[in-house]
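**Student:** Pasting in a structure now, in structure tokens, and then I'll have a few things to ask.
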Amino acid sequence: MLKVGLIGIGFMGRGHLENYIKLESEGFPLKLVAICDIDPEKFENKFTPGNIKIGEKKFDFSKYRLYTSIDKMLENEKLDYVDIALPTYLHSQATVKALNAGINVLCEKPMALNLEQCQAMIDAAKKNNKKLMIGHCLRFWPAYEYAKELIDSKKYGDVIEAYFFRGGNTPKWSYQNWYLQKDKSGGVLLDQHIHDIDVVNWFFGLPHAVSTISTNILPTTGYDVVSTRYFFNDKKILTAEDDWLLNGEFPFEMRYRINFEKGNLIFEKGQLKVTPNEGKPFIPELSNENAYYKEIKYFANAVLNDLPIEVCPPSSSMETIKIALAEMESADNKGKTVNLI
């Protein structure tokens with residue numbers, strides 16, 4: 001039976017909490033025993049909702065040992081792993097601390113703010129012979145898993161063009177408004193657009209160059225709308241865009257379009273449609289399990305059975321940060337092409 005500690009129950013941490021409750025109810029050999037958050041009011045179910053419908057229910061916190069100090073939780077509890085759902089600027093520090101305490105770590109995306117912090121996390125995992133995984137949920141999202149399978153199998157040939165988009169309301173729900181501070185979140189580019197950067201990396205590998213244009217409207221965020229072109233050595237055209245200024249009643253949205261030599265995929269409004277060049281379009285049958293559940297279960301199973309982290313290894317997550325930093329450099333220089341290879 002794995003003993004787990006959850007660090008951070010903001011918007012995303014509550015989503016993780018829901019899935020631990022589900023896993024336990026299904027009899028998975030795991031028990032969430034402790035929760036840590038700097039804000040004790042959260043233990044009274046005083047939450048601000050986010051931009052997607054997760055972690056909205058009321059929780060019974062009486063069944064957990066509750067902490068407002070990470071150090072005290074790590075000192076008092078005998079944990080098999082911790083799930084870190086803290087603000088981005090705290091990821092590296094908290095991860096290294098837990099790994100050095102001999103505890104495996106599942107950490108929310110993005111990995112960290114810079115490559116030095118990423119490397120410190122990887123080094124600590126290796127030094128202590130512990131597992132580390134960054135929670136890039138799209139690697140577990142059924143519609144994205146399906147696309148990955150088609151790309152790798154070349155069922156419809158090579159990719160000619162692909163477009164990725166996500167956007168929605170400005171995130172005004174974070175603790176002390178950290179989302180809207182560039183030095184803590186990296187703005188829309190590192191916090192939200194990072195999902196599609198990681199998808200590009202997962203699907204196609206490290207691009208040899210990027211070019212990013214960005215608009216900054218809010219005074220402290222750095223990046224509010226971004227559009228990036230990714231350059232590879234073949235002829236495919238790849239673009240990813242993000243906009244967190246789509247306010248009012250605009251619902252959060254994520255979508256993609258992938259055009260192959262022999263067909264195309266379009267994912268929008270939660271539905272995936274496949275259109276072969278020859279034959280009729282169809283809606284593929286996909287898993288109904290949510291990606292956060294699958295991501296947590298995958299990591300827990302790796303810890304339980306001492307399996308390697310193959311779907312989302314930390315070295316790949318660090319590559320995703322390398323791409324993001326190149327995009328920042330490009331955006332700061334009016335779209336200048338920045339080489340990665």
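Residue names in the structure tokens use chain letters A, B, ... in the order shown, residue numbers from 1 in each chain, and ligand numbers from 1 in the order shown.
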If you run DSSP on this backbone, which residues of segment 159-242 of chain A come out as strand (DSSP E or B), and could you give them as a ChimeraX atom specification?
**Tutor:** /A:159-167,209-215,225-231,237-242
**Student:** At a cut-off of 8 Å, can you tabulate as JSON lines every residue of segment 9-128 of chain A near segment 281-292 of chain A together with its closest atom pair and the distance in Å to one decimal, using only C-alpha atoms and ordering rows by chain then number?
**Tutor:**
```
{"residue": "A:Gly15", "atom": "CA", "partner": "A:Tyr292", "partner_atom": "CA", "distance": 7.7}
{"residue": "A:His16", "atom": "CA", "partner": "A:Tyr292", "partner_atom": "CA", "distance": 6.8}
{"residue": "A:Asn19", "atom": "CA", "partner": "A:Tyr292", "partner_atom": "CA", "distance": 7.2}
```
**Student:** Select from segment 23-248 of chain A everything DSSP, run on the backbone, classes as alpha helix (DSSP H), then give the selection as a VMD selection string.
**Tutor:** chain A and resid 23 to 25 70 to 76 91 to 100 115 to 127 142 to 153 182 to 185 187 to 191 194 to 204
**Student:** Enumerate, in order of chain and increasing residue number, the residues of segment 174-281 of chain A with an atom no farther than 9 Å from segment 97-109 of chain A, each with its shortest atom pair and distance in Å to one decimal, counting only C-alpha atoms, as CSV.
**Tutor:**
```
residue,atom,partner,partner_atom,distance
A:Asp191,CA,A:Lys109,CA,7.9
A:Ile194,CA,A:Lys109,CA,8.1
A:His195,CA,A:Lys109,CA,8.3
```
**Student:** Would you mind listing what lies within 7 Å of segment 30-37 of chain A as a VMD selection string, with only C-alpha atoms counted and same-chain residues fewer than 4 positions away left out?
**Tutor:** chain A and resid 1 to 9 20 24 64 to 70
**Student:** Go through segment 62-147 of chain A residue by residue and, counting only C-alpha atoms, keep those with an atom at most 12 Å from segment 267-279 of chain A; for each kept residue give the shortest atom pair and its distance in Å to one decimal, ordered by chain and increasing number, as CSV.
**Tutor:**
```
residue,atom,partner,partner_atom,distance
A:Trp141,CA,A:Gly270,CA,10.9
A:Pro142,CA,A:Leu272,CA,9.6
A:Ala143,CA,A:Leu272,CA,6.4
A:Tyr144,CA,A:Phe267,CA,8.9
A:Glu145,CA,A:Leu272,CA,11.4
A:Tyr146,CA,A:Leu272,CA,9.2
A:Ala147,CA,A:Leu272,CA,9.6
```
**Student:** Check the smallest atom-to-atom distance from each of A:Val159, A:Met328, A:Ile309, A:Ile321 to Gln117 of chain A using only C-alpha atoms, then report the winner.
**Tutor:**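 Ranking A:Val159, A:Met328, A:Ile309, A:Ile321 by distance to Gln117 of chain A, first place goes to A:Ile321.
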